[in-house]
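Student: Provided below: run26.cif, containing mmCIF, C-alpha atoms and all ligand atoms.
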```cif
data_protein
#
loop_
_atom_site.group_PDB
_atom_site.id
_atom_site.type_symbol
_atom_site.label_atom_id
_atom_site.label_comp_id
_atom_site.auth_asym_id
_atom_site.auth_seq_id
_atom_site.Cartn_x
_atom_site.Cartn_y
_atom_site.Cartn_z
ATOM 1 C CA MET A 1 14.040 7.487 9.422
ATOM 2 C CA GLY A 2 16.377 5.340 11.521
ATOM 3 C CA ASN A 3 20.024 6.354 11.899
ATOM 4 C CA LYS A 4 22.062 8.403 9.415
ATOM 5 C CA LEU A 5 23.832 5.384 7.950
ATOM 6 C CA LYS A 6 20.796 3.674 6.497
ATOM 7 C CA ARG A 7 17.442 4.604 5.034
ATOM 8 C CA ASN A 8 14.279 2.812 6.138
ATOM 9 C CA LEU A 9 10.747 3.029 4.812
ATOM 10 C CA ILE A 10 8.400 2.896 7.783
ATOM 11 C CA ASP A 11 5.940 5.627 6.816
ATOM 12 C CA ILE A 12 5.324 6.978 3.303
ATOM 13 C CA LYS A 13 6.420 10.385 4.611
ATOM 14 C CA ASP A 14 9.935 8.986 5.042
ATOM 15 C CA LEU A 15 10.139 9.729 1.315
ATOM 16 C CA SER A 16 9.831 13.263 -0.048
ATOM 17 C CA VAL A 17 7.539 13.944 -3.007
ATOM 18 C CA LYS A 18 10.665 14.418 -5.122
ATOM 19 C CA GLU A 19 11.974 10.998 -4.069
ATOM 20 C CA ILE A 20 8.612 9.369 -4.840
ATOM 21 C CA ASP A 21 8.589 10.983 -8.269
ATOM 22 C CA GLU A 22 12.143 9.667 -8.854
ATOM 23 C CA LEU A 23 11.112 6.137 -7.791
ATOM 24 C CA ILE A 24 8.213 6.269 -10.258
ATOM 25 C CA LYS A 25 10.619 7.394 -12.979
ATOM 26 C CA VAL A 26 12.978 4.497 -12.239
ATOM 27 C CA ALA A 27 10.073 2.004 -12.076
ATOM 28 C CA ASN A 28 8.903 3.220 -15.484
ATOM 29 C CA ASP A 29 12.400 2.803 -16.894
ATOM 30 C CA ILE A 30 12.630 -0.728 -15.455
ATOM 31 C CA THR A 31 9.405 -1.726 -17.215
ATOM 32 C CA SER A 32 10.933 -0.857 -20.589
ATOM 33 C CA ASN A 33 14.609 -1.741 -19.958
ATOM 34 C CA GLU A 34 14.488 -4.641 -17.495
ATOM 35 C CA ASP A 35 17.785 -6.160 -18.710
ATOM 36 C CA LYS A 36 19.671 -3.020 -17.671
ATOM 37 C CA TYR A 37 18.703 -3.722 -14.050
ATOM 38 C CA SER A 38 19.041 -7.496 -13.961
ATOM 39 C CA LYS A 39 22.405 -7.691 -12.172
ATOM 40 C CA LEU A 40 22.386 -4.550 -10.046
ATOM 41 C CA CYS A 41 21.762 -6.483 -6.809
ATOM 42 C CA ASP A 42 24.149 -9.345 -7.572
ATOM 43 C CA GLY A 43 25.489 -10.574 -4.202
ATOM 44 C CA LYS A 44 22.767 -8.856 -2.154
ATOM 45 C CA ILE A 45 20.176 -10.649 -0.011
ATOM 46 C CA LEU A 46 16.666 -9.493 0.894
ATOM 47 C CA ALA A 47 14.878 -11.025 3.895
ATOM 48 C CA THR A 48 11.079 -11.154 4.021
ATOM 49 C CA LEU A 49 9.777 -11.499 7.583
ATOM 50 C CA PHE A 50 6.015 -11.883 7.484
ATOM 51 C CA PHE A 51 4.187 -12.219 10.784
ATOM 52 C CA GLU A 52 0.849 -11.880 8.922
ATOM 53 C CA PRO A 53 -0.403 -13.517 5.707
ATOM 54 C CA SER A 54 0.441 -11.976 2.339
ATOM 55 C CA THR A 55 0.441 -12.903 -1.321
ATOM 56 C CA ARG A 56 1.273 -9.742 -3.273
ATOM 57 C CA THR A 57 3.586 -7.838 -0.970
ATOM 58 C CA ARG A 58 5.866 -10.717 -0.012
ATOM 59 C CA LEU A 59 6.024 -12.357 -3.413
ATOM 60 C CA SER A 60 6.379 -9.105 -5.341
ATOM 61 C CA PHE A 61 9.307 -8.113 -3.109
ATOM 62 C CA GLU A 62 10.886 -11.529 -3.667
ATOM 63 C CA SER A 63 10.278 -11.270 -7.413
ATOM 64 C CA ALA A 64 11.699 -7.733 -7.392
ATOM 65 C CA MET A 65 14.928 -8.806 -5.687
ATOM 66 C CA MET A 66 15.349 -11.835 -7.972
ATOM 67 C CA ARG A 67 14.797 -9.668 -11.057
ATOM 68 C CA LEU A 68 17.601 -7.418 -9.781
ATOM 69 C CA GLY A 69 19.939 -10.410 -9.564
ATOM 70 C CA GLY A 70 19.773 -10.698 -5.763
ATOM 71 C CA LYS A 71 18.707 -13.545 -3.495
ATOM 72 C CA VAL A 72 15.946 -13.882 -0.913
ATOM 73 C CA LEU A 73 15.360 -15.650 2.401
ATOM 74 C CA GLY A 74 12.755 -15.382 5.133
ATOM 75 C CA PHE A 75 9.568 -16.768 6.599
ATOM 76 C CA SER A 76 5.895 -16.315 5.752
ATOM 77 C CA GLU A 77 4.507 -16.993 9.228
ATOM 78 C CA ALA A 78 5.875 -16.446 12.713
ATOM 79 C CA SER A 79 5.124 -20.059 13.723
ATOM 80 C CA THR A 80 8.086 -21.301 11.660
ATOM 81 C CA SER A 81 10.567 -18.924 13.339
ATOM 82 C CA SER A 82 11.966 -18.840 16.888
ATOM 83 C CA ILE A 83 9.413 -16.130 17.697
ATOM 84 C CA ALA A 84 7.194 -19.179 18.389
ATOM 85 C CA LYS A 85 9.643 -20.122 21.190
ATOM 86 C CA GLY A 86 9.323 -16.661 22.696
ATOM 87 C CA GLU A 87 12.214 -14.813 21.055
ATOM 88 C CA SER A 88 11.638 -11.037 20.960
ATOM 89 C CA LEU A 89 11.227 -9.055 17.756
ATOM 90 C CA ARG A 90 14.271 -6.999 18.747
ATOM 91 C CA ASP A 91 16.525 -10.064 18.975
ATOM 92 C CA THR A 92 15.071 -11.577 15.801
ATOM 93 C CA ILE A 93 15.796 -8.427 13.820
ATOM 94 C CA ARG A 94 19.275 -8.045 15.281
ATOM 95 C CA VAL A 95 20.184 -11.585 14.244
ATOM 96 C CA ILE A 96 18.628 -11.521 10.766
ATOM 97 C CA GLY A 97 20.424 -8.249 10.030
ATOM 98 C CA GLY A 98 23.593 -10.365 10.001
ATOM 99 C CA TYR A 99 22.163 -12.661 7.310
ATOM 100 C CA CYS A 100 20.945 -10.123 4.750
ATOM 101 C CA ASP A 101 21.328 -6.613 3.337
ATOM 102 C CA ILE A 102 17.728 -5.410 3.635
ATOM 103 C CA ILE A 103 14.623 -6.548 5.552
ATOM 104 C CA VAL A 104 10.969 -6.355 4.516
ATOM 105 C CA MET A 105 8.613 -7.018 7.410
ATOM 106 C CA ARG A 106 4.870 -7.235 7.993
ATOM 107 C CA HIS A 107 3.531 -7.350 11.528
ATOM 108 C CA PRO A 108 0.047 -7.219 13.117
ATOM 109 C CA LYS A 109 1.190 -4.670 15.727
ATOM 110 C CA GLU A 110 1.146 -0.996 14.778
ATOM 111 C CA GLY A 111 4.636 0.437 15.177
ATOM 112 C CA ALA A 112 6.499 -2.896 15.109
ATOM 113 C CA PRO A 113 8.613 -1.937 12.031
ATOM 114 C CA LEU A 114 9.593 1.326 13.746
ATOM 115 C CA VAL A 115 10.852 -0.637 16.765
ATOM 116 C CA ALA A 116 12.644 -3.033 14.415
ATOM 117 C CA CYS A 117 14.479 -0.292 12.529
ATOM 118 C CA GLN A 118 15.923 1.010 15.793
ATOM 119 C CA LYS A 119 17.601 -2.369 16.352
ATOM 120 C CA SER A 120 18.541 -3.178 12.771
ATOM 121 C CA LYS A 121 21.855 -2.563 11.074
ATOM 122 C CA VAL A 122 20.248 -3.001 7.634
ATOM 123 C CA PRO A 123 17.365 -1.016 6.089
ATOM 124 C CA ILE A 124 13.853 -2.000 7.173
ATOM 125 C CA ILE A 125 10.835 -1.723 4.892
ATOM 126 C CA ASN A 126 7.381 -1.712 6.473
ATOM 127 C CA ALA A 127 5.205 -4.138 4.492
ATOM 128 C CA GLY A 128 2.134 -3.333 6.622
ATOM 129 C CA ASP A 129 1.787 -2.831 10.378
ATOM 130 C CA GLY A 130 -1.646 -3.665 11.746
ATOM 131 C CA GLY A 131 -4.301 -1.158 10.740
ATOM 132 C CA HIS A 132 -1.706 1.618 10.579
ATOM 133 C CA ASN A 133 0.386 1.988 7.400
ATOM 134 C CA HIS A 134 1.376 0.193 4.206
ATOM 135 C CA PRO A 135 3.822 2.513 2.440
ATOM 136 C CA THR A 136 4.957 0.183 -0.362
ATOM 137 C CA GLN A 137 1.330 -0.425 -1.354
ATOM 138 C CA THR A 138 1.088 3.349 -1.579
ATOM 139 C CA LEU A 139 4.120 3.516 -3.868
ATOM 140 C CA THR A 140 2.400 0.884 -6.028
ATOM 141 C CA ASP A 141 -0.828 2.924 -5.982
ATOM 142 C CA LEU A 142 0.903 6.195 -6.886
ATOM 143 C CA PHE A 143 2.812 4.482 -9.694
ATOM 144 C CA THR A 144 -0.481 3.082 -11.015
ATOM 145 C CA ILE A 145 -2.314 6.416 -10.832
ATOM 146 C CA GLN A 146 0.601 8.176 -12.565
ATOM 147 C CA LYS A 147 0.619 5.551 -15.335
ATOM 148 C CA GLU A 148 -3.136 5.619 -15.860
ATOM 149 C CA LYS A 149 -3.937 9.315 -15.365
ATOM 150 C CA LYS A 150 -0.516 10.805 -16.312
ATOM 151 C CA ARG A 151 -0.660 12.968 -13.195
ATOM 152 C CA LEU A 152 -0.789 12.834 -9.404
ATOM 153 C CA ASP A 153 -2.466 16.195 -8.903
ATOM 154 C CA ASN A 154 -5.890 17.665 -9.798
ATOM 155 C CA LEU A 155 -7.743 14.460 -8.936
ATOM 156 C CA VAL A 156 -10.988 13.522 -7.210
ATOM 157 C CA VAL A 157 -10.218 10.285 -5.370
ATOM 158 C CA GLY A 158 -12.980 8.101 -3.924
ATOM 159 C CA LEU A 159 -11.891 5.763 -1.142
ATOM 160 C CA CYS A 160 -14.527 3.146 -0.462
ATOM 161 C CA GLY A 161 -14.990 0.434 2.176
ATOM 162 C CA ASP A 162 -13.130 -0.053 5.433
ATOM 163 C CA LEU A 163 -11.510 3.333 5.975
ATOM 164 C CA LYS A 164 -11.082 2.667 9.699
ATOM 165 C CA PHE A 165 -8.791 -0.365 9.558
ATOM 166 C CA GLY A 166 -7.587 -0.137 5.939
ATOM 167 C CA ARG A 167 -3.888 0.670 6.243
ATOM 168 C CA THR A 168 -3.515 1.126 2.484
ATOM 169 C CA VAL A 169 -6.049 3.966 2.651
ATOM 170 C CA HIS A 170 -4.249 5.650 5.551
ATOM 171 C CA SER A 171 -0.920 5.675 3.725
ATOM 172 C CA LEU A 172 -2.466 6.732 0.411
ATOM 173 C CA ILE A 173 -4.226 9.723 2.007
ATOM 174 C CA SER A 174 -0.976 10.731 3.686
ATOM 175 C CA ALA A 175 0.900 10.535 0.371
ATOM 176 C CA MET A 176 -1.687 12.199 -1.878
ATOM 177 C CA SER A 177 -2.251 15.052 0.557
ATOM 178 C CA ARG A 178 1.142 16.341 -0.563
ATOM 179 C CA TYR A 179 0.053 16.735 -4.192
ATOM 180 C CA LYS A 180 -1.900 19.749 -5.519
ATOM 181 C CA ASN A 181 -5.676 20.018 -5.734
ATOM 182 C CA ILE A 182 -6.662 16.588 -4.452
ATOM 183 C CA LYS A 183 -10.222 16.069 -3.227
ATOM 184 C CA PHE A 184 -11.117 12.912 -1.306
ATOM 185 C CA ILE A 185 -14.567 11.327 -1.247
ATOM 186 C CA LEU A 186 -14.590 9.075 1.829
ATOM 187 C CA ILE A 187 -17.210 6.366 1.317
ATOM 188 C CA SER A 188 -17.765 4.014 4.259
ATOM 189 C CA PRO A 189 -20.359 2.690 6.681
ATOM 190 C CA GLU A 190 -20.646 4.857 9.833
ATOM 191 C CA GLU A 191 -18.735 2.232 11.857
ATOM 192 C CA LEU A 192 -15.798 2.159 9.436
ATOM 193 C CA LYS A 193 -15.171 5.876 8.926
ATOM 194 C CA LEU A 194 -11.657 7.257 8.557
ATOM 195 C CA PRO A 195 -10.114 7.711 12.047
ATOM 196 C CA ASP A 196 -10.337 11.257 13.444
ATOM 197 C CA TYR A 197 -6.572 11.476 13.908
ATOM 198 C CA ILE A 198 -6.064 11.198 10.128
ATOM 199 C CA LYS A 199 -8.791 13.742 9.401
ATOM 200 C CA GLU A 200 -7.296 16.190 11.875
ATOM 201 C CA GLU A 201 -3.552 15.639 11.401
ATOM 202 C CA VAL A 202 -3.481 15.026 7.659
ATOM 203 C CA LEU A 203 -6.590 16.407 5.941
ATOM 204 C CA ASP A 204 -7.523 19.412 8.098
ATOM 205 C CA LYS A 205 -3.931 20.414 8.798
ATOM 206 C CA ASN A 206 -3.136 20.532 5.073
ATOM 207 C CA ASN A 207 -6.475 22.096 4.053
ATOM 208 C CA ILE A 208 -7.362 19.087 1.918
ATOM 209 C CA GLU A 209 -10.950 19.069 0.692
ATOM 210 C CA TYR A 210 -12.955 15.978 1.626
ATOM 211 C CA VAL A 211 -16.505 14.777 2.108
ATOM 212 C CA GLU A 212 -17.794 11.716 3.939
ATOM 213 C CA THR A 213 -20.720 9.662 2.699
ATOM 214 C CA THR A 214 -22.308 6.271 3.275
ATOM 215 C CA ASP A 215 -23.687 6.217 -0.286
ATOM 216 C CA MET A 216 -21.353 4.770 -2.905
ATOM 217 C CA MET A 217 -23.334 6.325 -5.755
ATOM 218 C CA GLU A 218 -23.585 9.903 -4.420
ATOM 219 C CA TYR A 219 -20.363 11.157 -6.050
ATOM 220 C CA MET A 220 -19.728 8.365 -8.576
ATOM 221 C CA GLY A 221 -19.894 10.706 -11.592
ATOM 222 C CA GLU A 222 -17.234 13.052 -10.152
ATOM 223 C CA LEU A 223 -14.516 10.501 -9.456
ATOM 224 C CA ASP A 224 -11.204 10.246 -11.331
ATOM 225 C CA VAL A 225 -10.059 7.341 -9.150
ATOM 226 C CA LEU A 226 -12.190 4.860 -7.208
ATOM 227 C CA TYR A 227 -10.115 2.942 -4.653
ATOM 228 C CA MET A 228 -12.123 0.006 -3.321
ATOM 229 C CA THR A 229 -11.053 -1.811 -0.145
ATOM 230 C CA ARG A 230 -11.900 -5.026 1.635
ATOM 231 C CA VAL A 231 -13.507 -4.963 5.088
ATOM 232 C CA GLN A 232 -10.553 -6.027 7.242
ATOM 233 C CA LYS A 233 -11.899 -9.146 8.959
ATOM 234 C CA GLU A 234 -8.682 -9.689 10.916
ATOM 235 C CA ARG A 235 -9.038 -6.335 12.760
ATOM 236 C CA PHE A 236 -12.591 -6.952 14.053
ATOM 237 C CA PHE A 237 -13.214 -7.952 17.674
ATOM 238 C CA ASN A 238 -16.712 -9.196 16.952
ATOM 239 C CA GLU A 239 -17.525 -11.582 14.086
ATOM 240 C CA ALA A 240 -21.178 -10.504 13.959
ATOM 241 C CA ASP A 241 -20.081 -6.926 13.162
ATOM 242 C CA TYR A 242 -17.835 -8.190 10.374
ATOM 243 C CA ILE A 243 -20.644 -10.272 8.856
ATOM 244 C CA ARG A 244 -23.028 -7.312 9.002
ATOM 245 C CA LEU A 245 -20.576 -4.940 7.285
ATOM 246 C CA LYS A 246 -18.569 -7.130 4.899
ATOM 247 C CA ASP A 247 -20.876 -6.736 1.868
ATOM 248 C CA TYR A 248 -21.934 -3.153 2.567
ATOM 249 C CA PHE A 249 -20.508 -1.969 -0.778
ATOM 250 C CA ILE A 250 -20.369 -4.132 -3.877
ATOM 251 C CA LEU A 251 -19.205 -2.426 -7.061
ATOM 252 C CA ASN A 252 -20.740 -3.969 -10.187
ATOM 253 C CA LYS A 253 -20.984 -3.063 -13.862
ATOM 254 C CA GLU A 254 -24.369 -1.375 -13.466
ATOM 255 C CA LYS A 255 -23.068 0.973 -10.759
ATOM 256 C CA LEU A 256 -20.413 2.187 -13.200
ATOM 257 C CA ASN A 257 -23.000 3.535 -15.678
ATOM 258 C CA SER A 258 -22.792 7.022 -14.193
ATOM 259 C CA ALA A 259 -18.985 6.958 -13.769
ATOM 260 C CA LYS A 260 -16.496 8.827 -15.976
ATOM 261 C CA LYS A 261 -15.260 6.991 -19.053
ATOM 262 C CA ASP A 262 -11.670 7.403 -17.858
ATOM 263 C CA LEU A 263 -12.279 6.449 -14.214
ATOM 264 C CA VAL A 264 -9.435 4.370 -12.740
ATOM 265 C CA ILE A 265 -10.782 1.548 -10.550
ATOM 266 C CA MET A 266 -8.230 0.343 -8.037
ATOM 267 C CA HIS A 267 -8.084 -2.171 -5.178
ATOM 268 C CA PRO A 268 -4.976 -3.203 -3.221
ATOM 269 C CA LEU A 269 -6.348 -6.786 -3.223
ATOM 270 C CA PRO A 270 -7.158 -9.357 -1.953
ATOM 271 C CA ARG A 271 -10.752 -8.799 -3.051
ATOM 272 C CA ILE A 272 -13.571 -10.691 -1.367
ATOM 273 C CA ASN A 273 -17.012 -9.517 -2.647
ATOM 274 C CA GLU A 274 -16.534 -5.757 -2.890
ATOM 275 C CA ILE A 275 -15.892 -5.764 -6.647
ATOM 276 C CA SER A 276 -18.083 -8.063 -8.669
ATOM 277 C CA ILE A 277 -16.152 -10.123 -11.230
ATOM 278 C CA ASP A 278 -18.263 -8.597 -14.016
ATOM 279 C CA VAL A 279 -16.173 -5.429 -13.512
ATOM 280 C CA ASP A 280 -12.904 -7.233 -14.334
ATOM 281 C CA ASP A 281 -13.430 -6.894 -18.098
ATOM 282 C CA ASP A 282 -14.236 -3.186 -17.909
ATOM 283 C CA GLU A 283 -11.319 -1.199 -19.335
ATOM 284 C CA ARG A 284 -11.452 1.064 -16.270
ATOM 285 C CA ALA A 285 -10.571 -1.861 -13.958
ATOM 286 C CA CYS A 286 -6.895 -1.443 -13.046
ATOM 287 C CA TYR A 287 -6.481 -3.617 -9.942
ATOM 288 C CA PHE A 288 -4.621 -6.467 -11.611
ATOM 289 C CA LYS A 289 -2.342 -4.008 -13.442
ATOM 290 C CA GLN A 290 -1.846 -2.372 -10.027
ATOM 291 C CA ALA A 291 -0.644 -5.696 -8.556
ATOM 292 C CA ASP A 292 1.798 -6.115 -11.484
ATOM 293 C CA ASN A 293 3.113 -2.576 -11.004
ATOM 294 C CA GLY A 294 4.091 -3.497 -7.433
ATOM 295 C CA VAL A 295 7.085 -5.475 -8.636
ATOM 296 C CA TYR A 296 8.654 -2.576 -10.571
ATOM 297 C CA ILE A 297 8.195 0.111 -7.939
ATOM 298 C CA ARG A 298 9.580 -2.289 -5.308
ATOM 299 C CA MET A 299 12.603 -2.904 -7.539
ATOM 300 C CA ALA A 300 13.144 0.860 -7.633
ATOM 301 C CA LEU A 301 12.769 1.065 -3.841
ATOM 302 C CA ILE A 302 15.260 -1.747 -3.157
ATOM 303 C CA LEU A 303 17.816 -0.017 -5.403
ATOM 304 C CA LYS A 304 17.291 3.268 -3.573
ATOM 305 C CA LEU A 305 17.561 1.865 -0.045
ATOM 306 C CA LEU A 306 20.634 -0.214 -0.955
ATOM 307 C CA GLU A 307 22.105 2.942 -2.525
ATOM 308 C CA VAL A 308 22.833 1.149 -5.787
ATOM 309 C CA LYS A 309 24.245 3.575 -8.382
ATOM 310 C CA LEU A 310 22.097 3.694 -11.533
HETATM 311 N N1 LIG A 401 -2.171 -5.535 -1.086
HETATM 312 C C1 LIG A 401 -1.585 -6.368 -0.223
HETATM 313 O O1 LIG A 401 -0.933 -5.947 0.753
HETATM 314 O O2 LIG A 401 -1.762 -7.691 -0.505
HETATM 315 P P1 LIG A 401 -1.179 -8.898 0.344
HETATM 316 O O3 LIG A 401 -1.844 -8.878 1.696
HETATM 317 O O4 LIG A 401 -1.497 -10.127 -0.458
HETATM 318 O O5 LIG A 401 0.305 -8.678 0.496
#
```
Would you write out, as C-alpha cells, the structure that this file holds?
Tutor:
Amino acid sequence: MGNKLKRNLIDIKDLSVKEIDELIKVANDITSNEDKYSKLCDGKILATLFFEPSTRTRLSFESAMMRLGGKVLGFSEASTSSIAKGESLRDTIRVIGGYCDIIVMRHPKEGAPLVACQKSKVPIINAGDGGHNHPTQTLTDLFTIQKEKKRLDNLVVGLCGDLKFGRTVHSLISAMSRYKNIKFILISPEELKLPDYIKEEVLDKNNIEYVETTDMMEYMGELDVLYMTRVQKERFFNEADYIRLKDYFILNKEKLNSAKKDLVIMHPLPRINEISIDVDDDERACYFKQADNGVYIRMALILKLLEVKL
C-alpha cells in the first residue's frame, strides 16, 4: 500500500481474501445489473500509462471506466510521451496525477509501479511490471475460476509454460496460496521453472502442495484448472533460446482426452501456438470468457479504489 489516504494495487496481496471475494461479488452483480453502475464514475478520469504493449489490460480498463460513466486518457507507448525526451517516471507520474483520478500503468521494469505510487497523489494500479506481477490479471483469473468452478478452494491447478517470466503465474500463485487445499502442478521446461524465491517464500512458507514436471500429460487427468501461458519472448536475452522453447507445449484436442470433463482451460492471452485453435470449440475452453470477465472485475476494482459508495 502507498499512504493512508489512497489505496493502490501493486501486488495482489495488497488486497485481503475478503476484499477479493467482495470484488468478485460486485463484478458478478455488474454483469447482471450493468445499468445500476453506469453513472457511478461520472466526472472521474482514468489514465492508462502503458510503457509496454497491451491489448486486453489497457482496453478492458478503458472499457471499464467508460461503462462506469467516467472518461479516459493516456498513452499506449512511451515513445509518444515526454519519457522519450528523458523525463523521469517520478516526474511523469507526479504531473499526470494532476490530470486524472486514478492511474493504471504497465512498465517493463519490475517495481516501477511501486516507485510510482510513492510519488502519486492518486491511486496507482499495476497493470504488469516486467516478469514480476500482474495483479489485475489475477483478479480476472480468480473471477473466472469462481464463475466456472463455483469455488476458489479444493482445486488442483496446473500452470503450464513459461513459469519463470510469466508474471500472471506469479501473481496467481500468490493469490491462490491463500485459499484452502490448493495443489499446484508446475509444468515447464527445465529452463523456465518457477523462480526459487516464489517456491520458498510463497509455496513452502504456506505449506502449499506442489509438484514440478516437464511432461504436460503426467497429471492431466487430475487437473481442475489448466492455466496455459505463452513463452515470454520479450524477457529472453537470447533469441535462439526463445526459438528452442517457444513451442515446447502445445495443447490440442487429442491431449484433452484424458482430462476431466469439467476441466477449466485458461490462458491470460495473447496466445501464440501453445493452445491449438481446435481447442477453442471445446466447452472446457474458457480463455475468451476470461478476457471478457476482465472488464467487470476491473469495474469493481476502479469503484473500490475510488471509494465510490455502492
Ligand atoms: N493478459 C494480458 O495482460 O494481455 P495484454 O498484454 O494484451 O494486456
Student: Name the residues in contact with segment 192-202 of chain A at a cut-off of 10 Å, using all atoms listed in the file, excluding same-chain residues fewer than 5 positions from it; report them as a PDB file with C-alpha atoms, in the frame of the given file.
Tutor:
```
ATOM      1  CA  LEU A 159     -11.891   5.763  -1.142  1.00  0.00           C
ATOM      2  CA  CYS A 160     -14.527   3.146  -0.462  1.00  0.00           C
ATOM      3  CA  GLY A 161     -14.990   0.434   2.176  1.00  0.00           C
ATOM      4  CA  ASP A 162     -13.130  -0.053   5.433  1.00  0.00           C
ATOM      5  CA  LEU A 163     -11.510   3.333   5.975  1.00  0.00           C
ATOM      6  CA  LYS A 164     -11.082   2.667   9.699  1.00  0.00           C
ATOM      7  CA  PHE A 165      -8.791  -0.365   9.558  1.00  0.00           C
ATOM      8  CA  GLY A 166      -7.587  -0.137   5.939  1.00  0.00           C
ATOM      9  CA  VAL A 169      -6.049   3.966   2.651  1.00  0.00           C
ATOM     10  CA  HIS A 170      -4.249   5.650   5.551  1.00  0.00           C
ATOM     11  CA  SER A 171      -0.920   5.675   3.725  1.00  0.00           C
ATOM     12  CA  ILE A 173      -4.226   9.723   2.007  1.00  0.00           C
ATOM     13  CA  SER A 174      -0.976  10.731   3.686  1.00  0.00           C
ATOM     14  CA  ALA A 175       0.900  10.535   0.371  1.00  0.00           C
ATOM     15  CA  SER A 177      -2.251  15.052   0.557  1.00  0.00           C
ATOM     16  CA  ARG A 178       1.142  16.341  -0.563  1.00  0.00           C
ATOM     17  CA  LEU A 186     -14.590   9.075   1.829  1.00  0.00           C
ATOM     18  CA  ILE A 187     -17.210   6.366   1.317  1.00  0.00           C
ATOM     19  CA  ASN A 207      -6.475  22.096   4.053  1.00  0.00           C
ATOM     20  CA  ILE A 208      -7.362  19.087   1.918  1.00  0.00           C
ATOM     21  CA  TYR A 210     -12.955  15.978   1.626  1.00  0.00           C
ATOM     22  CA  GLU A 212     -17.794  11.716   3.939  1.00  0.00           C
ATOM     23  CA  THR A 213     -20.720   9.662   2.699  1.00  0.00           C
ATOM     24  CA  THR A 214     -22.308   6.271   3.275  1.00  0.00           C
ATOM     25  CA  VAL A 231     -13.507  -4.963   5.088  1.00  0.00           C
ATOM     26  CA  GLN A 232     -10.553  -6.027   7.242  1.00  0.00           C
ATOM     27  CA  LEU A 245     -20.576  -4.940   7.285  1.00  0.00           C
TER      28      LEU A 245
END
```
Student: Would you mind telling me which residue in A:Asn252, A:Asn293, A:Ser82, A:Asn126 lies nearest to Ile24 of chain A when using all atoms listed in the file?
Tutor: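 With all atoms listed in the file as the atom set, the closest residue is A:Asn293.
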Student: When you look at segment 113-120 of chain A with a cut-off of 12 Å (counting all atoms listed in the file), what residues show up, excluding the ones that are within fewer than 5 positions of it in the same chain? I need them as a VMD selection string.
Tutor: chain A and resid 1 to 11 14 49 to 51 88 to 108 125 to 130 132 to 135
Student: To check your reading of the model: which residues sit at most 9 Å from ligand LIG 401 (chain A) when counting only C-alpha atoms and all ligand atoms? Write the answer as a short mmCIF file (atom, residue, chain, number, x, y, z; two decimals) with C-alpha atoms, in the frame of the given file.
Tutor:
```
data_model
loop_
_atom_site.label_atom_id
_atom_site.label_comp_id
_atom_site.auth_asym_id
_atom_site.auth_seq_id
_atom_site.Cartn_x
_atom_site.Cartn_y
_atom_site.Cartn_z
CA GLU A 52 0.85 -11.88 8.92
CA PRO A 53 -0.40 -13.52 5.71
CA SER A 54 0.44 -11.98 2.34
CA THR A 55 0.44 -12.90 -1.32
CA ARG A 56 1.27 -9.74 -3.27
CA THR A 57 3.59 -7.84 -0.97
CA ARG A 58 5.87 -10.72 -0.01
CA LEU A 59 6.02 -12.36 -3.41
CA SER A 60 6.38 -9.10 -5.34
CA ARG A 106 4.87 -7.24 7.99
CA ALA A 127 5.20 -4.14 4.49
CA GLY A 128 2.13 -3.33 6.62
CA HIS A 134 1.38 0.19 4.21
CA THR A 136 4.96 0.18 -0.36
CA GLN A 137 1.33 -0.42 -1.35
CA THR A 168 -3.52 1.13 2.48
CA HIS A 267 -8.08 -2.17 -5.18
CA PRO A 268 -4.98 -3.20 -3.22
CA LEU A 269 -6.35 -6.79 -3.22
CA PRO A 270 -7.16 -9.36 -1.95
CA ALA A 291 -0.64 -5.70 -8.56
#
```
Student: Quick one: of A:Glu307, A:Asp292, A:Asp280, A:Asp247, who's nearest to Asp141 of chain A, counting only C-alpha atoms?
Tutor: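 Using only C-alpha atoms, Asp141 of chain A sits closest to A:Asp292.
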Student: With the PyMOL selection byres (((chain A and resi 284) around 6) and not hetatm) as the selection, what would be picked from this file? Answer as a PyMOL selection string, please.
Tutor: chain A and resi 263-265+282-283+285
Student: Using the chain letters and numbers from this file, what does the PyMOL selection byres (((chain A and resi 216-219) around 12) and not hetatm) select? Give the answer as a VMD selection string.
Tutor: chain A and resid 156 to 161 183 to 189 210 to 215 220 to 228 248 to 252 254 to 260 274
Student: With all atoms listed in the file as the basis for distance, which of A:Leu46, A:Leu142, A:Leu310, A:Met299 is at the shortest distance from Asp21 of chain A?
Tutor: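 The shortest atom-to-atom distance to Asp21 of chain A comes from A:Leu142.
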Student: Could you list, as a PyMOL selection string, every residue matched by the PyMOL selection byres (((chain A and resi 67) around 8) and not hetatm) in this structure?
Tutor: chain A and resi 37-39+63-66+68-70+299
Student: In Å, rounded to a single decimal, give me how far atom CA of Phe143 of chain A is from atom CA of Tyr287 of chain A.
Tutor: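 Distance between the two atoms: 12.3 Å.
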Student: Quick one: pull the distance between atom CA of Ile272 of chain A and atom CA of Tyr242 of chain A, Å, one decimal.
Tutor: 12.7 Å
Student: Tell me, in Å to one decimal, how far atom CA of Ile145 of chain A is from atom CA of Leu303 of chain A.
Tutor: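 Separation between atom CA of Ile145 of chain A and atom CA of Leu303 of chain A: 21.8 Å.
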Student: Determine the nearest neighbour of Asn33 of chain A from the options A:Thr80, A:Val308, A:Tyr296, A:Glu234, counting all atoms listed in the file.
Tutor: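 Counting all atoms listed in the file, the residue closest to Asn33 of chain A is A:Tyr296.
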Student: (-2.1, 13.2, -7.1) in this file's frame - what residues fall within 8 Å of it? Use only C-alpha atoms and give the answer as a PyMOL selection string.
Tutor: chain A and resi 142+145-146+151-155+176-182
Student: Could the centre and edge lengths of an axis-aligned box, enclosing all atoms of segment 107-121 of chain A in the file with 4 Å extra on each side, be given in Å to one decimal as lines of an AutoDock Vina configuration file?
Tutor:
```
center_x = 11.0
center_y = -3.0
center_z = 13.9
size_x = 29.8
size_y = 16.7
size_z = 13.7
```
